[in-house]
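A.B. asks: I'd like to ask you about the structure that follows.
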Amino acid sequence: MRLRNIPGAREEIAASPYVVHDEESMKGKWHEFFENDNPIHIEIGMGKGTFIIECAKRNPDINFIGIEKYSSVLLRALEKREEESELSNIVFIRMDAEYIENVFAPDEVDNIYLNFSDPWPKDRNAKRRLTSDRFLKRYTNIMKKDAVVTFKTDNNDLFDYSIESVNENDWEIIVMTRDLHNSEYNEENIMTEYEKKFSGLGHKINMMQIRQKQY
C-alpha cells in the first residue's frame with residue numbers, strides 16, 4: 001500500500017501533546033510518565049488509532065502506548081485522539097518498531113498488540129515481520145515473563161509463518177483461532193479499521209495469543 005504524504009504532518013506531530021518525542025529518555029520511566037503503576041500495553045503499528053483508543057476508553061486502569069512509524073498515518077490517529085481529550089491513559093510514539101528495546105526496559109511491558117501487520121511476503125524481508133524470531137527476541141527483552149502478545153491478521157501465509165516462528169523459539173501459543181469472528185474469543189474483540197474492511201470482504205480473521213514459555 002502506498003501511503004500519501006501529507007504536507008505539514010511531521011510539524012503537526014511534533015507540536016502534539018499526545019505524542020512522546022523523547023521516547024528513548026523514557027526507558028524504564030513509563031510508570032513515572034503516567035504517574036501510576038498500572039499495566040503498560042503497547043500496539044506496534046497502530047495505524048489510524050481506532051483499536052488502541054477504544055482499548056483506552058474501555059480500560060482506564062491500563063496505560064496504552066501506540067507506536068506508528070508513518071507520519072501520515074499517525075496524523076489520522078491524532079485527529080481521533082483529539083476527540084477523546086479526556087483520556088489520560090494513552091500516548092503515541094512515531095518510531096520504527098525495530099528500536100523498541102531503546103524505549104522500554106526489561107519487564108516494563110505487560111502486553112503487546114500486533115494488528116494486521118505488514119506481511120512482508122518476500123523471503124528476503126522475513127526478518128522484518130513482527131512475528132519473526134528477531135522481533136520475538138526484542139519482545140522478550142522488554143516484556144514481563146507472563147506477558148501476552150496478541151496477533152491478528154487475515155493473511156494466512158503470515159499466520160502460518162508466525163506459528164512456525166513461535167514454535168521454533170522460546171515461546172508458546174496459548175490461544176489460537178483461524179476464524180476469530182465465529183469463535184468464543186470474539187465477545188470482547190475490538191476490531192481495527194483493516195479488520196472491518198477485510199471481514200466485510202468475507203475474509204476470515206486469524207488470531208493467536210502467545211507468551212514466553214513458562215519454566
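By convention in this document, the chains of the C-alpha cells carry letters A, B, ... by their order, each chain's residues are numbered from 1, and ligands are numbered from 1 in the order they are shown.
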Need to verify the contact set: Ile44 in chain A, 12 Å, only C-alpha atoms, exclusion of same-chain residues closer than 4 positions in sequence. Can you return it as a PyMOL selection string?
C.D. replies: chain A and resi 48-49+51-52+64-70+92-100+111-118+129-131+135+139+149-152
A.B. asks: Keeping C-alpha atoms for every residue in the selection just given, could you write it to a file as a PDB file, in the first residue's frame?
C.D. replies:
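Generated output (again-v7.pdb):
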ATOM      1  CA  LYS A  48      -5.106   5.328  12.488  1.00  0.00           C
ATOM      2  CA  GLY A  49      -5.569   4.509  16.158  1.00  0.00           C
ATOM      3  CA  PHE A  51      -8.171  -0.049  18.129  1.00  0.00           C
ATOM      4  CA  ILE A  52      -5.898   1.411  20.780  1.00  0.00           C
ATOM      5  CA  PHE A  64      -1.629   2.366  26.403  1.00  0.00           C
ATOM      6  CA  ILE A  65       1.193   3.371  24.078  1.00  0.00           C
ATOM      7  CA  GLY A  66       0.611   3.348  20.326  1.00  0.00           C
ATOM      8  CA  ILE A  67       3.618   3.021  18.030  1.00  0.00           C
ATOM      9  CA  GLU A  68       3.431   4.090  14.380  1.00  0.00           C
ATOM     10  CA  LYS A  69       6.295   4.896  12.015  1.00  0.00           C
ATOM     11  CA  TYR A  70       4.376   6.684   9.262  1.00  0.00           C
ATOM     12  CA  PHE A  92       1.637   7.820  20.825  1.00  0.00           C
ATOM     13  CA  ILE A  93       5.196   7.435  19.574  1.00  0.00           C
ATOM     14  CA  ARG A  94       6.368   7.925  15.991  1.00  0.00           C
ATOM     15  CA  MET A  95       9.128   5.377  15.554  1.00  0.00           C
ATOM     16  CA  ASP A  96      10.152   2.151  13.866  1.00  0.00           C
ATOM     17  CA  ALA A  97       9.428  -0.923  15.994  1.00  0.00           C
ATOM     18  CA  GLU A  98      12.982  -2.086  15.360  1.00  0.00           C
ATOM     19  CA  TYR A  99      14.097   0.241  18.156  1.00  0.00           C
ATOM     20  CA  ILE A 100      11.657  -0.729  20.912  1.00  0.00           C
ATOM     21  CA  ASN A 111       1.063  -6.802  26.723  1.00  0.00           C
ATOM     22  CA  ILE A 112       1.719  -6.196  23.041  1.00  0.00           C
ATOM     23  CA  TYR A 113      -0.840  -5.990  20.222  1.00  0.00           C
ATOM     24  CA  LEU A 114       0.085  -6.714  16.602  1.00  0.00           C
ATOM     25  CA  ASN A 115      -2.893  -5.970  14.365  1.00  0.00           C
ATOM     26  CA  PHE A 116      -2.779  -6.660  10.636  1.00  0.00           C
ATOM     27  CA  SER A 117       0.954  -6.127  10.421  1.00  0.00           C
ATOM     28  CA  ASP A 118       2.722  -5.775   7.087  1.00  0.00           C
ATOM     29  CA  ARG A 129       7.881  -9.403  10.018  1.00  0.00           C
ATOM     30  CA  LEU A 130       6.719  -8.507  13.514  1.00  0.00           C
ATOM     31  CA  THR A 131       6.455 -12.190  14.449  1.00  0.00           C
ATOM     32  CA  PHE A 135      11.194  -9.436  16.908  1.00  0.00           C
ATOM     33  CA  TYR A 139       9.696  -8.608  22.923  1.00  0.00           C
ATOM     34  CA  VAL A 149       1.351 -10.836  22.565  1.00  0.00           C
ATOM     35  CA  THR A 150      -1.953 -10.790  20.680  1.00  0.00           C
ATOM     36  CA  PHE A 151      -1.635 -11.065  16.917  1.00  0.00           C
ATOM     37  CA  LYS A 152      -4.433 -10.693  14.344  1.00  0.00           C
TER      38      LYS A 152
END
A.B. asks: Among the residues of range 15-188 of chain A, find those DSSP assigns to strand (DSSP E or B) from the backbone and print them as a PyMOL selection string.
C.D. replies: chain A and resi 19+40-44+63-68+90-94+109-115+143-153+171-177
A.B. asks: Can you build me a table of range 51-139 of chain A residues sitting at most 7 Å from range 156-172 of chain A, with the closest atom pair per residue and its distance in Å to one decimal, using only C-alpha atoms, sorted by chain and residue number, as a tab-separated table?
C.D. replies:
residue	atom	partner	partner_atom	distance
A:Pro119	CA	A:Leu158	CA	5.8
A:Thr131	CA	A:Ser162	CA	5.6
A:Ser132	CA	A:Ser165	CA	6.0
A:Asp133	CA	A:Ser165	CA	6.1
A.B. asks: Can you pull out every residue from chain A that DSSP, working from the backbone, puts in alpha helix (DSSP H), and format the result as number ranges by chain?
C.D. replies: A: 9-14, 30-34, 50-58, 71-83, 133-140, 156-168, 193-200
A.B. asks: Write to file, as a JSON list (two decimals), in the first residue's frame, the residues of the selection just made, with C-alpha atoms.
C.D. replies:
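The new file again-v5.json reads:
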[["chain", "number", "residue", "atom", "x", "y", "z"],
["A", 9, "ALA", "CA", 2.30, 16.13, 9.03],
["A", 10, "ARG", "CA", 5.65, 15.96, 10.80],
["A", 11, "GLU", "CA", 5.33, 19.51, 12.08],
["A", 12, "GLU", "CA", 1.84, 18.86, 13.44],
["A", 13, "ILE", "CA", 3.02, 15.66, 15.13],
["A", 14, "ALA", "CA", 5.99, 17.49, 16.65],
["A", 30, "TRP", "CA", 6.96, 4.93, 31.82],
["A", 31, "HIS", "CA", 5.22, 4.45, 35.15],
["A", 32, "GLU", "CA", 6.60, 7.82, 36.22],
["A", 33, "PHE", "CA", 5.33, 9.32, 32.99],
["A", 34, "PHE", "CA", 1.78, 8.04, 33.57],
["A", 50, "THR", "CA", -9.10, 3.09, 16.18],
["A", 51, "PHE", "CA", -8.17, -0.05, 18.13],
["A", 52, "ILE", "CA", -5.90, 1.41, 20.78],
["A", 53, "ILE", "CA", -8.09, 4.43, 21.50],
["A", 54, "GLU", "CA", -11.07, 2.15, 22.05],
["A", 55, "CYS", "CA", -8.91, -0.03, 24.32],
["A", 56, "ALA", "CA", -8.00, 3.04, 26.38],
["A", 57, "LYS", "CA", -11.65, 4.06, 26.67],
["A", 58, "ARG", "CA", -12.69, 0.61, 27.88],
["A", 71, "SER", "CA", 3.65, 10.35, 9.92],
["A", 72, "SER", "CA", 0.71, 10.49, 7.52],
["A", 73, "VAL", "CA", -0.99, 7.63, 9.37],
["A", 74, "LEU", "CA", -0.14, 8.89, 12.85],
["A", 75, "LEU", "CA", -1.70, 12.21, 11.94],
["A", 76, "ARG", "CA", -5.05, 10.47, 11.45],
["A", 77, "ALA", "CA", -4.71, 8.82, 14.85],
["A", 78, "LEU", "CA", -4.07, 12.22, 16.41],
["A", 79, "GLU", "CA", -7.30, 13.53, 14.93],
["A", 80, "LYS", "CA", -9.16, 10.72, 16.70],
["A", 81, "ARG", "CA", -7.17, 11.28, 19.89],
["A", 82, "GLU", "CA", -8.12, 14.95, 19.98],
["A", 83, "GLU", "CA", -11.77, 13.91, 20.03],
["A", 133, "ASP", "CA", 12.48, -14.60, 15.62],
["A", 134, "ARG", "CA", 14.27, -11.25, 15.63],
["A", 135, "PHE", "CA", 11.19, -9.44, 16.91],
["A", 136, "LEU", "CA", 10.25, -12.17, 19.36],
["A", 137, "LYS", "CA", 13.66, -11.69, 20.98],
["A", 138, "ARG", "CA", 13.02, -7.97, 21.21],
["A", 139, "TYR", "CA", 9.70, -8.61, 22.92],
["A", 140, "THR", "CA", 11.38, -10.98, 25.37],
["A", 156, "ASN", "CA", -2.94, -16.92, 6.03],
["A", 157, "ASP", "CA", 0.66, -17.16, 4.87],
["A", 158, "LEU", "CA", 1.79, -14.72, 7.54],
["A", 159, "PHE", "CA", -0.22, -16.59, 10.16],
["A", 160, "ASP", "CA", 1.34, -19.92, 9.15],
["A", 161, "TYR", "CA", 4.78, -18.32, 9.27],
["A", 162, "SER", "CA", 4.02, -16.91, 12.72],
["A", 163, "ILE", "CA", 3.01, -20.31, 14.08],
["A", 164, "GLU", "CA", 6.33, -21.74, 12.89],
["A", 165, "SER", "CA", 8.24, -18.80, 14.33],
["A", 166, "VAL", "CA", 6.63, -19.23, 17.76],
["A", 167, "ASN", "CA", 7.24, -22.97, 17.78],
["A", 168, "GLU", "CA", 10.88, -22.56, 16.78],
["A", 193, "GLU", "CA", -10.10, -0.50, 10.59],
["A", 194, "TYR", "CA", -8.45, -3.20, 8.49],
["A", 195, "GLU", "CA", -10.37, -5.88, 10.34],
["A", 196, "LYS", "CA", -13.68, -4.24, 9.48],
["A", 197, "LYS", "CA", -12.61, -3.91, 5.88],
["A", 198, "PHE", "CA", -11.31, -7.44, 5.40],
["A", 199, "SER", "CA", -14.08, -9.18, 7.31],
["A", 200, "GLY", "CA", -16.56, -7.17, 5.25]]
A.B. asks: Please provide as a list of chain:residue names all residues within 9 Å of Val175 in chain A, with the sequence filter that same-chain residues fewer than 3 positions apart are discarded (counting only C-alpha atoms).
C.D. replies: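 Once the nearby chain positions are removed, what remains is A:Tyr185, A:Met207, A:Met208, A:Gln209, A:Ile210.
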A.B. asks: How far is it from CA of Asp110 in chain A to CA of Asp146 in chain A, in Å with one decimal?
C.D. replies: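 Between CA of Asp110 in chain A and CA of Asp146 in chain A the gap works out to 8.0 Å.
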A.B. asks: Which residue out of A:Val103, A:Ala15, A:Met46, A:Ile205 has the minimum interatomic distance to Asp154 in chain A when only C-alpha atoms are used?
C.D. replies: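 Closest candidate: A:Ile205.
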A.B. asks: Do a neighbour search on Ile62 in chain A at 8 Å with only C-alpha atoms, toss out local chain neighbours closer than 5 positions, and write the hits as JSON, numbers by chain.
C.D. replies: {"A": [38, 39, 40, 41, 56, 89]}
A.B. asks: Output N, CA and C atoms for every residue in that selection, as a PDB file, in the first residue's frame.
C.D. replies:
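Result written to again-v5.pdb:
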ATOM      1  N   ASN A  38      -0.034   1.270  36.851  1.00  0.00           N
ATOM      2  CA  ASN A  38      -0.922   0.439  36.038  1.00  0.00           C
ATOM      3  C   ASN A  38      -0.146  -0.309  34.959  1.00  0.00           C
ATOM      4  N   PRO A  39      -0.674  -1.441  34.503  1.00  0.00           N
ATOM      5  CA  PRO A  39      -0.012  -2.194  33.432  1.00  0.00           C
ATOM      6  C   PRO A  39       0.179  -1.339  32.174  1.00  0.00           C
ATOM      7  N   ILE A  40       1.215  -1.672  31.426  1.00  0.00           N
ATOM      8  CA  ILE A  40       1.513  -0.959  30.185  1.00  0.00           C
ATOM      9  C   ILE A  40       1.291  -1.893  29.004  1.00  0.00           C
ATOM     10  N   HIS A  41       0.410  -1.489  28.107  1.00  0.00           N
ATOM     11  CA  HIS A  41       0.134  -2.238  26.885  1.00  0.00           C
ATOM     12  C   HIS A  41       0.554  -1.388  25.696  1.00  0.00           C
ATOM     13  N   ALA A  56      -8.214   2.082  25.291  1.00  0.00           N
ATOM     14  CA  ALA A  56      -8.002   3.043  26.378  1.00  0.00           C
ATOM     15  C   ALA A  56      -9.318   3.489  26.998  1.00  0.00           C
ATOM     16  N   ASN A  89      -4.765   7.972  29.709  1.00  0.00           N
ATOM     17  CA  ASN A  89      -4.026   6.703  29.755  1.00  0.00           C
ATOM     18  C   ASN A  89      -3.549   6.239  28.389  1.00  0.00           C
TER      19      ASN A  89
END
A.B. asks: Considering only C-alpha atoms, state which residue in the set A:Thr177, A:Asn141, A:Asn155, A:Asn125 is at the smallest distance from Glu101 in chain A.
C.D. replies: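 Among A:Thr177, A:Asn141, A:Asn155, A:Asn125, it is A:Asn141 that comes nearest to Glu101 in chain A.
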A.B. asks: What does the distance from CA of Pro121 in chain A to CA of Arg178 in chain A come to in Å, to one decimal?
C.D. replies: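 Those two atoms sit 19.3 Å apart.
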A.B. asks: Within 9 Å of Asn102 in chain A, counting only C-alpha atoms, which residues qualify if same-chain residues fewer than 2 places away don't, as a list in words?
C.D. replies: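 That gives Glu23, Glu24, Ser25, Lys27, Tyr99, Ile100, Phe104 and Ala105 of chain A.
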A.B. asks: Would you save the residues from that selection as a compact mmCIF listing (two decimals), in the first residue's frame, using C-alpha atoms?
C.D. replies:
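What follows is the written file out-v8.txt:
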# COMPACT_ATOMS: atom_id res chain seq x y z
CA GLU A 23 10.89 8.37 23.78
CA GLU A 24 14.34 6.91 24.43
CA SER A 25 14.69 9.01 27.58
CA LYS A 27 13.08 3.84 29.02
CA TYR A 99 14.10 0.24 18.16
CA ILE A 100 11.66 -0.73 20.91
CA PHE A 104 11.26 0.10 27.02
CA ALA A 105 13.21 -1.53 29.85
